[in-house]
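See below for the structure under consideration.
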Amino acid sequence: MVELPIEWPPGGDDAPLGEESDDLDGPLVVEPPHPVNWNLLTGDEAETEWIELNRWVNWLRRTYGLPASVVPPFWHRHPELVWELSALHLHWLCAYDPDQHGSAPFGWHRDFADARQRLHDWVATSGTRLDRDRPTRQTTWPGEPPADAIEDIPIGDRDKDFAQFVTDDVAKRRQAEAEFYACAKSS
C-alpha cells in the first residue's frame, strides 16, 4: 500500500480539535448544502465532509446538552450514526439557510426530536458508550460464517482517534482512486 501524506489536523499539530474548532462561522466549503453519499466520496471530499460533520456534531451536542446515549464520542466509527447525523446536519443547514422560510427552523426542531430517538436507538443497538466502544454487532444469517467475537475497547483520547480514523479513511479512498485510475489507464 502506498503511504499517502495527509496533514491532520489541518494546519498542523497545534490546530485544535476541541471546542475552538467547533465554530460554525466560516464553513470549510462555500457551496450550497447537498446530500452526502458517504459511499461515493473521494478522499478529498471525505476529508472535508468528516471535518465539517465533526465540527457540527460537537456544536450540536454542546448546544443541546446531548448525552452519550444520543451522541457518543465514537459516533464516527458507526455508519448508522454517521448517516443519521449527516442527514440531520444537512437538514439543519437547509433550515437555517438565509433564503429559507422563517418557519423552517421550527420544522428542524420537530424533526430533531424524532432524530434524537433514532440516535438513541442506534446507540443502544451499537453498544458504544461514553467510556468504551465496540463495533456494531452484525446478525449472521443462515449459511454465513459466524461473526467474530466483539470486544469492548476503552475510549482514551477521542479527538486523536477521530483524527486517525479520518486519516485512515481518506488514505483508503485515495488508494482506491489510484487503483481505479491505474486500471483505467491500462485498459
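Letters A, B, ... mark the chains of the C-alpha cells in the order given; residue numbers begin at 1 per chain; ligand numbers begin at 1, in order shown.
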
Exercise. Write out as an MDAnalysis selection string all residues of region 32-180 of chain A that DSSP puts in strand (DSSP E) for this structure's backbone.
Key: chainID A and resid 132:133 153:154

Practice problem: Find the residues around region 128-131 of chain A up to 9 Å (only C-alpha atoms counted), leave out those fewer than 5 positions away in its own chain, and share them as an MDAnalysis selection string. | Solution: chainID A and resid 67:69 72:75 78 123 136 152:156

For the residues in that selection, give me C-alpha atoms as a PDB file, in the first residue's frame.
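selection_37.pdb, freshly written:
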ATOM      1  CA  PRO A  67     -25.739  12.706  26.434  1.00  0.00           C
ATOM      2  CA  ALA A  68     -23.524   9.915  25.108  1.00  0.00           C
ATOM      3  CA  SER A  69     -26.660   7.777  24.828  1.00  0.00           C
ATOM      4  CA  PRO A  72     -21.404   9.047  21.802  1.00  0.00           C
ATOM      5  CA  PRO A  73     -17.719  10.018  21.427  1.00  0.00           C
ATOM      6  CA  PHE A  74     -17.028   7.338  18.789  1.00  0.00           C
ATOM      7  CA  TRP A  75     -20.077   8.103  16.623  1.00  0.00           C
ATOM      8  CA  HIS A  78     -20.617   3.590  13.469  1.00  0.00           C
ATOM      9  CA  VAL A 123     -26.516   3.887  20.135  1.00  0.00           C
ATOM     10  CA  THR A 136     -21.902  -2.734  15.948  1.00  0.00           C
ATOM     11  CA  ASP A 152     -15.144  -3.514  24.011  1.00  0.00           C
ATOM     12  CA  ILE A 153     -12.253  -1.088  23.692  1.00  0.00           C
ATOM     13  CA  PRO A 154     -11.709   1.757  26.152  1.00  0.00           C
ATOM     14  CA  ILE A 155     -12.018   5.284  24.810  1.00  0.00           C
ATOM     15  CA  GLY A 156      -8.905   7.260  25.650  1.00  0.00           C
TER      16      GLY A 156
END

Quiz prompt | Backbone DSSP call of alpha helix (DSSP H) for chain A, listed as number ranges by chain | solution = A: 43-63, 79-95, 104-126, 158-186

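For Trp122 (chain A), the residues within 12 Å (counting only C-alpha atoms, excluding itself and residues fewer than 2 positions away along the chain) are Ala68, Ser69, Val70, Val71, Pro72, Trp75, His78, Pro79, Glu80, Leu81, Val82, Trp83, Glu84, Leu85, Ala115, Arg116, Gln117, Arg118, Leu119, His120, Ala124, Thr125, Ser126, Gly127, Thr128, Arg129, Thr136 and Arg137 of chain A.
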